[in-house]
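> As input, take target_14.cif (mmCIF, C-alpha atoms):
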```
data_entry
#
loop_
_atom_site.label_atom_id
_atom_site.label_comp_id
_atom_site.auth_asym_id
_atom_site.auth_seq_id
_atom_site.Cartn_x
_atom_site.Cartn_y
_atom_site.Cartn_z
CA MET F 1 0.00 0.00 0.00
CA THR F 2 1.55 3.30 -1.10
CA VAL F 3 1.79 5.91 1.65
CA ARG F 4 0.49 9.09 0.03
CA VAL F 5 1.43 12.37 1.70
CA TRP F 6 0.13 15.90 1.30
CA LEU F 7 2.74 18.37 2.60
CA GLU F 8 2.03 21.68 4.32
CA PRO F 9 5.30 23.64 4.66
CA GLY F 10 5.11 26.46 7.16
CA TYR F 11 2.60 24.66 9.35
CA ASP F 12 2.48 26.08 12.88
CA HIS F 13 4.79 28.95 11.91
CA GLY F 14 7.63 27.11 10.28
CA ARG F 15 7.20 23.37 10.65
CA TRP F 16 6.49 20.86 7.90
CA GLY F 17 3.08 19.23 8.22
CA ALA F 18 2.47 15.85 6.60
CA TRP F 19 -1.19 14.99 6.05
CA LEU F 20 -2.18 11.45 5.08
CA LEU F 21 -5.53 12.18 3.48
CA ASP F 22 -6.22 8.52 2.72
CA LEU F 23 -6.59 8.28 6.52
CA PRO F 24 -8.45 11.56 7.23
CA GLY F 25 -7.21 12.92 10.53
CA CYS F 26 -3.82 11.21 10.32
CA PHE F 27 -1.10 13.84 10.52
CA THR F 28 2.44 14.39 11.69
CA TRP F 29 4.91 17.27 11.59
CA ARG F 30 8.63 17.80 11.86
CA ASP F 31 11.03 20.72 11.54
CA ASP F 32 12.06 19.95 7.96
CA ARG F 33 10.77 18.23 4.83
CA VAL F 34 12.97 15.15 5.00
CA THR F 35 12.10 14.22 8.57
CA ALA F 36 8.41 15.00 8.07
CA LEU F 37 8.27 12.55 5.17
CA ALA F 38 10.28 9.98 7.11
CA ALA F 39 7.75 10.20 9.95
CA ALA F 40 4.71 9.68 7.72
CA PRO F 41 4.72 5.84 7.54
CA GLY F 42 4.97 5.61 11.32
CA ALA F 43 2.08 8.04 11.67
CA ALA F 44 0.00 5.87 9.34
CA ARG F 45 0.82 2.76 11.34
CA GLY F 46 0.03 4.50 14.61
CA PHE F 47 -3.30 5.76 13.30
CA ALA F 48 -4.22 2.29 12.03
CA ALA F 49 -3.24 0.76 15.38
CA TRP F 50 -5.43 3.29 17.20
CA LEU F 51 -8.37 2.38 14.95
CA ALA F 52 -7.73 -1.31 15.55
CA ARG F 53 -7.88 -0.79 19.31
CA HIS F 54 -11.40 0.49 18.72
CA GLY F 55 -12.35 -2.42 16.49
CA GLU F 56 -11.87 -0.77 13.09
CA THR F 57 -9.48 -2.57 10.73
CA GLN F 58 -7.58 -0.34 8.32
CA GLY F 59 -5.32 -2.83 6.54
CA ALA F 60 -1.59 -2.50 5.87
CA ALA F 61 -1.34 1.23 6.48
CA GLY F 62 2.17 2.65 6.36
CA GLY F 63 3.77 -0.41 4.84
CA GLY F 64 4.47 0.62 1.26
CA PRO F 65 6.42 3.17 -0.79
CA LEU F 66 6.08 6.88 -0.07
CA THR F 67 4.82 9.47 -2.55
CA VAL F 68 4.10 13.19 -2.22
CA VAL F 69 0.78 14.02 -3.86
CA GLU F 70 0.69 17.78 -3.32
CA GLU F 71 2.52 20.52 -1.45
CA VAL F 72 0.54 23.58 -0.32
CA PRO F 73 2.18 26.04 2.09
CA ALA F 74 0.50 27.68 5.04
CA ARG F 75 0.46 31.47 4.94
CA TRP F 76 0.11 34.26 7.49
CA LEU F 77 -1.72 37.54 7.75
CA ASP F 78 0.04 40.65 8.98
CA ASP F 79 -1.24 40.07 12.51
CA GLY F 80 0.33 36.59 12.61
CA TYR F 81 -2.91 34.68 12.02
CA GLU F 82 -2.12 31.39 10.27
CA ILE F 83 -4.12 30.24 7.27
CA ASN F 84 -3.71 26.53 6.69
CA ALA F 85 -3.59 24.53 3.48
CA THR F 86 -6.60 23.50 1.47
CA PHE F 87 -5.53 20.69 -0.85
CA ALA F 88 -7.07 19.73 -4.17
CA ALA F 89 -8.25 16.52 -2.50
CA ASP F 90 -10.23 18.61 -0.01
CA ARG F 91 -12.31 20.05 -2.85
CA ARG F 92 -14.67 17.17 -3.44
CA ALA F 93 -18.00 15.77 -2.38
CA VAL F 94 -17.82 13.86 0.89
CA SER F 95 -19.63 10.54 0.75
CA GLU F 96 -22.05 9.40 3.44
CA GLU F 97 -19.57 6.65 4.30
CA GLU F 98 -16.76 9.18 4.80
CA LEU F 99 -18.92 11.36 6.99
CA GLU F 100 -19.91 8.42 9.17
CA ALA F 101 -16.30 7.23 9.40
CA ALA F 102 -15.26 10.67 10.68
CA VAL F 103 -18.10 10.74 13.20
CA ARG F 104 -17.18 7.25 14.36
CA ARG F 105 -13.52 8.22 14.79
CA LEU F 106 -14.46 11.35 16.68
CA GLY F 107 -16.35 8.98 18.96
CA PHE F 108 -13.23 6.85 19.44
CA ALA F 109 -11.23 9.94 20.36
CA ARG F 110 -13.92 11.07 22.79
CA GLU F 111 -13.99 7.63 24.44
CA ASP F 112 -10.24 7.90 24.98
CA LEU F 113 -10.56 11.47 26.23
CA LEU F 114 -13.14 10.50 28.84
CA GLY F 115 -10.71 7.83 30.04
CA ALA F 116 -8.05 10.53 30.34
CA VAL F 117 -10.46 12.76 32.29
CA GLU F 118 -11.04 9.90 34.74
CA ARG F 119 -7.27 9.59 35.19
CA LEU F 120 -7.05 13.36 35.66
CA HIS F 121 -9.70 13.34 38.38
CA ALA F 122 -8.04 10.39 40.12
CA TRP F 123 -4.64 12.09 40.11
CA GLU F 124 -6.05 15.41 41.28
CA ALA F 125 -7.90 13.72 44.17
CA GLY F 126 -4.53 13.08 45.75
CA HIS F 127 -2.43 15.94 44.43
CA GLY F 128 -4.60 18.94 43.68
CA ARG F 129 -5.20 20.56 40.33
CA LEU F 130 -2.88 19.66 37.47
CA GLY F 131 -1.75 23.10 36.45
CA SER F 132 0.13 24.59 33.58
CA SER F 133 3.28 23.10 32.15
CA PRO F 134 6.37 25.31 32.49
CA ASP F 135 7.77 24.58 29.02
CA GLY F 136 6.48 27.78 27.44
CA ASP F 137 4.75 26.04 24.54
CA ARG F 138 1.02 25.55 24.02
CA ARG F 139 1.15 23.11 26.94
CA SER F 140 1.27 26.16 29.20
CA ARG F 141 -2.51 25.69 29.27
CA SER F 142 -3.79 23.99 32.39
CA ALA F 143 -5.27 20.52 31.97
CA ARG F 144 -8.73 22.05 32.09
CA GLY F 145 -7.61 24.64 29.59
CA VAL F 146 -6.98 21.74 27.20
CA LEU F 147 -10.51 20.46 27.77
CA ARG F 148 -12.00 23.92 27.26
CA HIS F 149 -9.98 24.32 24.08
CA LEU F 150 -11.17 20.96 22.71
CA GLY F 151 -14.83 21.88 23.14
CA GLY F 152 -14.36 25.35 21.69
CA ALA F 153 -12.48 23.99 18.69
CA ASP F 154 -15.27 21.49 17.97
CA VAL F 155 -17.63 24.45 17.60
CA TRP F 156 -15.14 26.66 15.75
CA LEU F 157 -14.08 24.07 13.16
CA SER F 158 -17.55 22.69 12.46
CA GLY F 159 -18.88 26.24 12.07
CA ARG F 160 -16.39 27.35 9.42
CA LEU F 161 -18.80 26.71 6.54
CA ASP F 162 -21.89 28.43 7.91
CA ARG F 163 -21.25 31.32 10.25
CA SER F 164 -24.99 31.80 10.82
CA LEU F 165 -25.08 28.66 12.98
CA ARG F 166 -24.64 29.39 16.68
CA TYR F 167 -23.78 27.15 19.59
CA GLU F 168 -26.16 27.93 22.45
CA GLY F 169 -25.44 25.07 24.83
CA PRO F 170 -23.80 25.03 28.26
CA GLU F 171 -20.50 26.76 28.77
CA PHE F 172 -17.40 25.19 30.29
CA ASP F 173 -17.92 26.65 33.74
CA ALA F 174 -21.26 24.85 34.00
CA GLY F 175 -19.34 21.54 34.04
CA GLU F 176 -16.57 20.26 31.83
CA LEU F 177 -18.25 16.97 30.86
CA ASP F 178 -21.56 18.63 30.03
CA TYR F 179 -19.69 21.20 27.96
CA LEU F 180 -17.69 18.58 26.07
CA ALA F 181 -20.81 16.53 25.36
CA ALA F 182 -22.81 19.54 24.20
CA THR F 183 -20.12 21.02 21.95
CA ARG F 184 -19.47 17.63 20.36
CA ALA F 185 -23.19 17.03 19.77
CA TRP F 186 -23.47 20.49 18.20
CA ALA F 187 -20.48 19.82 15.96
CA ILE F 188 -21.83 16.49 14.71
CA GLY F 189 -25.27 17.97 14.14
CA THR F 190 -23.69 20.80 12.16
CA LEU F 191 -21.64 18.37 10.05
CA ARG F 192 -24.75 16.38 9.21
CA THR F 193 -26.65 19.55 8.31
CA LEU F 194 -23.85 20.75 6.03
CA HIS F 195 -23.55 17.36 4.36
CA ALA F 196 -27.29 17.16 3.73
CA ARG F 197 -27.22 20.61 2.09
CA ASP F 198 -24.16 20.02 -0.08
CA PRO F 199 -21.51 17.29 0.34
CA ALA F 200 -19.08 19.44 -1.67
CA VAL F 201 -19.75 22.67 0.22
CA GLU F 202 -16.89 25.17 0.09
CA GLY F 203 -16.47 28.64 1.50
CA ILE F 204 -14.02 31.31 2.63
CA ASP F 205 -14.13 32.56 6.19
CA SER F 206 -13.68 36.11 7.45
CA ARG F 207 -9.89 35.71 7.63
CA GLY F 208 -9.63 34.54 4.03
CA GLU F 209 -9.13 30.83 4.67
CA THR F 210 -10.80 28.37 2.31
CA TRP F 211 -12.78 25.58 3.93
CA THR F 212 -14.49 22.48 2.60
CA LEU F 213 -16.36 19.74 4.38
CA ALA F 214 -13.51 17.29 3.75
CA LYS F 215 -11.02 19.74 5.27
CA VAL F 216 -13.22 20.32 8.32
CA LEU F 217 -13.53 16.57 8.92
CA ARG F 218 -9.80 15.85 8.75
CA ARG F 219 -9.00 18.82 10.95
CA LEU F 220 -11.60 17.82 13.56
CA VAL F 221 -10.32 14.26 13.85
CA TYR F 222 -6.68 15.35 13.97
CA HIS F 223 -7.37 18.10 16.50
CA SER F 224 -9.14 15.65 18.81
CA LEU F 225 -6.22 13.22 18.64
CA ASP F 226 -3.58 15.93 18.99
CA HIS F 227 -4.91 17.29 22.26
CA LEU F 228 -5.80 13.84 23.56
CA GLY F 229 -2.12 13.00 23.10
CA GLU F 230 -1.13 16.23 24.85
CA LEU F 231 -3.30 15.43 27.86
CA ASP F 232 -2.09 11.82 27.94
CA ARG F 233 1.55 12.95 27.98
CA ARG F 234 0.97 15.46 30.75
CA LEU F 235 -0.88 12.90 32.84
CA ALA F 236 1.87 10.33 32.31
CA GLU F 237 4.46 12.87 33.51
CA ALA F 238 2.37 13.71 36.56
CA GLU F 239 1.67 10.07 37.40
CA ALA F 240 5.38 9.26 37.09
CA GLY F 241 6.01 11.85 39.78
#
```
Let me see whether you can do it: turn the structure in this file into structure tokens.

Amino acid sequence: MTVRVWLEPGYDHGRWGAWLLDLPGCFTWRDDRVTALAAAPGAARGFAAWLARHGETQGAAGGGPLTVVEEVPARWLDDGYEINATFAADRRAVSEEELEAAVRRLGFAREDLLGAVERLHAWEAGHGRLGSSPDGDRRSRSARGVLRHLGGADVWLSGRLDRSLRYEGPEFDAGELDYLAATRAWAIGTLRTLHARDPAVEGIDSRGETWTLAKVLRRLVYHSLDHLGELDRRLAEAEAG
């Protein structure tokens, strides 16, 4: 099975992003092109292994030759706002099967996240709140800041293609689990609404970034896994003492 990669140079202000669009949501990045490509097969294998743990068989992902399909750089506005790549493969009609696969995988990620929240509560029962990391990167968010960000991003990403839609559910301070459940339900409802209107819907947001339903789906799945991994790592560090 050929490992097909879509490259996004300049991702996250200078890194090289490697998207594996045959596995929507599978992504890795490195500081240069060579190492980003070298990491892609392992990312495919890791994604397939994660699916397998949830009962979804993907086949021999990451086991064949590597090919770059397209390279689209990120760009920035004058205020530093990053506009991410929209690939040619994003500009297509999303099938019902693809939509349901993305929803299913978002469910897998949420199942894992709820397990991480249980671990977080157990650790905090004996140690107090898990605060911010001192490393100066995005992990300077508190653990609950990560959870708040995940719920907010579900709403933000799913709303890119119709800004008239508004989330009106509970806010984070009303309870983190209620907030996460409500924002995820709103996101999935919005995805289904958009798909029913037009599976190939495309639009440009107020910052000039192009969005399609396929792009929203891959970004949602990746974002869920990215911050799940962040929380897992921070918990592992805390649990290790």
> Fewer than 2 positions away in the same chain doesn't count, so skip those; otherwise give me all residues within 8 Å of range 224-227 of chain F, counting only C-alpha atoms, as an NGL selection string.
:F and (106 or 109-110 or 146 or 150 or 220-222 or 229-231)
> Using all atoms listed in the file, which of the listed residues (F:Glu111, F:Asp162, F:Glu71, F:Glu56) sits closest to Trp16 in chain F?
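Using all atoms listed in the file, the shortest distance to Trp16 in chain F belongs to F:Glu71.
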> Can you tell me which residues surround Trp29 in chain F at a distance of at most 6 Å, considering only C-alpha atoms, apart from same-chain residues fewer than 2 positions away, and format the answer as a ChimeraX atom specification?
/F:16-18,36
> Could you list, as a ChimeraX atom specification, every residue matched by the PyMOL selection byres ((chain F and resi 94-97) around 8) in this structure?
/F:92-93,98-101,195,199-200,213-214
> Mind checking which residues fall within 12 Å of Arg233 in chain F, counting all atoms listed in the file, ignoring those fewer than 5 positions away in the same chain, and posting them as a list in words?
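After dropping sequence-adjacent residues, the list is Ala116, Arg119, Leu120, Ser133, Arg139, Ala143, Asp226, His227, Leu228, Ala238, Glu239 and Ala240 of chain F.
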> Those selected residues, please, written with C-alpha atoms and delivered as a PDB file, in the coordinates of the input.

```pdb
ATOM      1  CA  ALA F 116      -8.050  10.530  30.340  1.00  0.00           C
ATOM      2  CA  ARG F 119      -7.270   9.590  35.190  1.00  0.00           C
ATOM      3  CA  LEU F 120      -7.050  13.360  35.660  1.00  0.00           C
ATOM      4  CA  SER F 133       3.280  23.100  32.150  1.00  0.00           C
ATOM      5  CA  ARG F 139       1.150  23.110  26.940  1.00  0.00           C
ATOM      6  CA  ALA F 143      -5.270  20.520  31.970  1.00  0.00           C
ATOM      7  CA  ASP F 226      -3.580  15.930  18.990  1.00  0.00           C
ATOM      8  CA  HIS F 227      -4.910  17.290  22.260  1.00  0.00           C
ATOM      9  CA  LEU F 228      -5.800  13.840  23.560  1.00  0.00           C
ATOM     10  CA  ALA F 238       2.370  13.710  36.560  1.00  0.00           C
ATOM     11  CA  GLU F 239       1.670  10.070  37.400  1.00  0.00           C
ATOM     12  CA  ALA F 240       5.380   9.260  37.090  1.00  0.00           C
TER      13      ALA F 240
END
```
> Which residue gives the smallest distance to Thr67 in chain F among F:Ile83, F:Leu114, F:Met1, F:Cys26, with only C-alpha atoms counted?
F:Met1
> From the list F:Tyr81, F:Phe87, F:Phe27, F:Trp123, which residue is nearest Val69 in chain F when using all atoms listed in the file?
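Ranking F:Tyr81, F:Phe87, F:Phe27, F:Trp123 by distance to Val69 in chain F, first place goes to F:Phe87.
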> Rank F:Leu77, F:Ala44, F:Ala49, F:Leu21 by their smallest atom-to-atom distance to Gly63 in chain F, using only C-alpha atoms, and report the top residue only.
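Once distances to Gly63 in chain F are computed over only C-alpha atoms, the minimum belongs to F:Ala44.
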> Extract, using only C-alpha atoms, all DNA, RNA and protein residues at most 12 Å from Asp32 in chain F, discarding same-chain residues fewer than 2 positions from it, and format them as a VMD selection string.
chain F and resid 7 to 11 14 to 18 28 to 30 34 to 39
> CA of Tyr167 in chain F to CA of Thr190 in chain F: how many Å, to one decimal?
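These atoms are spaced 9.8 Å apart.
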> In Å, rounded to a single decimal, give me how far CA of Trp19 in chain F is from CA of Gly64 in chain F.
16.2 Å
> Could you expand the PyMOL selection byres ((chain F and resi 170) around 6) into the explicit residues it covers here, written as an NGL selection string?
:F and (169 or 171 or 179)
> What is the distance, in Å and to one decimal place, between CA of Ala125 in chain F and CA of His223 in chain F?
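One can read the CA of Ala125 in chain F to CA of His223 in chain F distance as 28.0 Å.
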> Would you mind listing what lies within 8 Å of Thr57 in chain F as a short mmCIF file (atom, residue, chain, number, x, y, z; two decimals) with C-alpha atoms, in the coordinates of the input, with all atoms listed in the file counted and same-chain residues fewer than 5 positions away left out?

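Everything below was put into selection-v3.cif:
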```
data_model
loop_
_atom_site.label_atom_id
_atom_site.label_comp_id
_atom_site.auth_asym_id
_atom_site.auth_seq_id
_atom_site.Cartn_x
_atom_site.Cartn_y
_atom_site.Cartn_z
CA ALA F 48 -4.22 2.29 12.03
CA LEU F 51 -8.37 2.38 14.95
CA ALA F 52 -7.73 -1.31 15.55
#
```
> Given 5 Å on each side, where is the centre and what are the edge lengths in Å to one decimal of the axis-aligned box enclosing the listed atoms of range 25-32 of chain F, as JSON?

```
{"center_x": 2.4, "center_y": 16.0, "center_z": 9.9, "size_x": 29.3, "size_y": 19.5, "size_z": 13.9}
```
> For Trp6 in chain F, which residue among F:Pro41, F:Asn84, F:Asp173, F:Glu70 is the nearest when counting only C-alpha atoms?
F:Glu70
> Using only C-alpha atoms for the distances, tell me which of F:Asp90, F:Trp76, F:Ile204, F:Ala181 is nearest to Leu20 in chain F.
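When distances to Leu20 in chain F are compared using only C-alpha atoms, the smallest one comes from F:Asp90.
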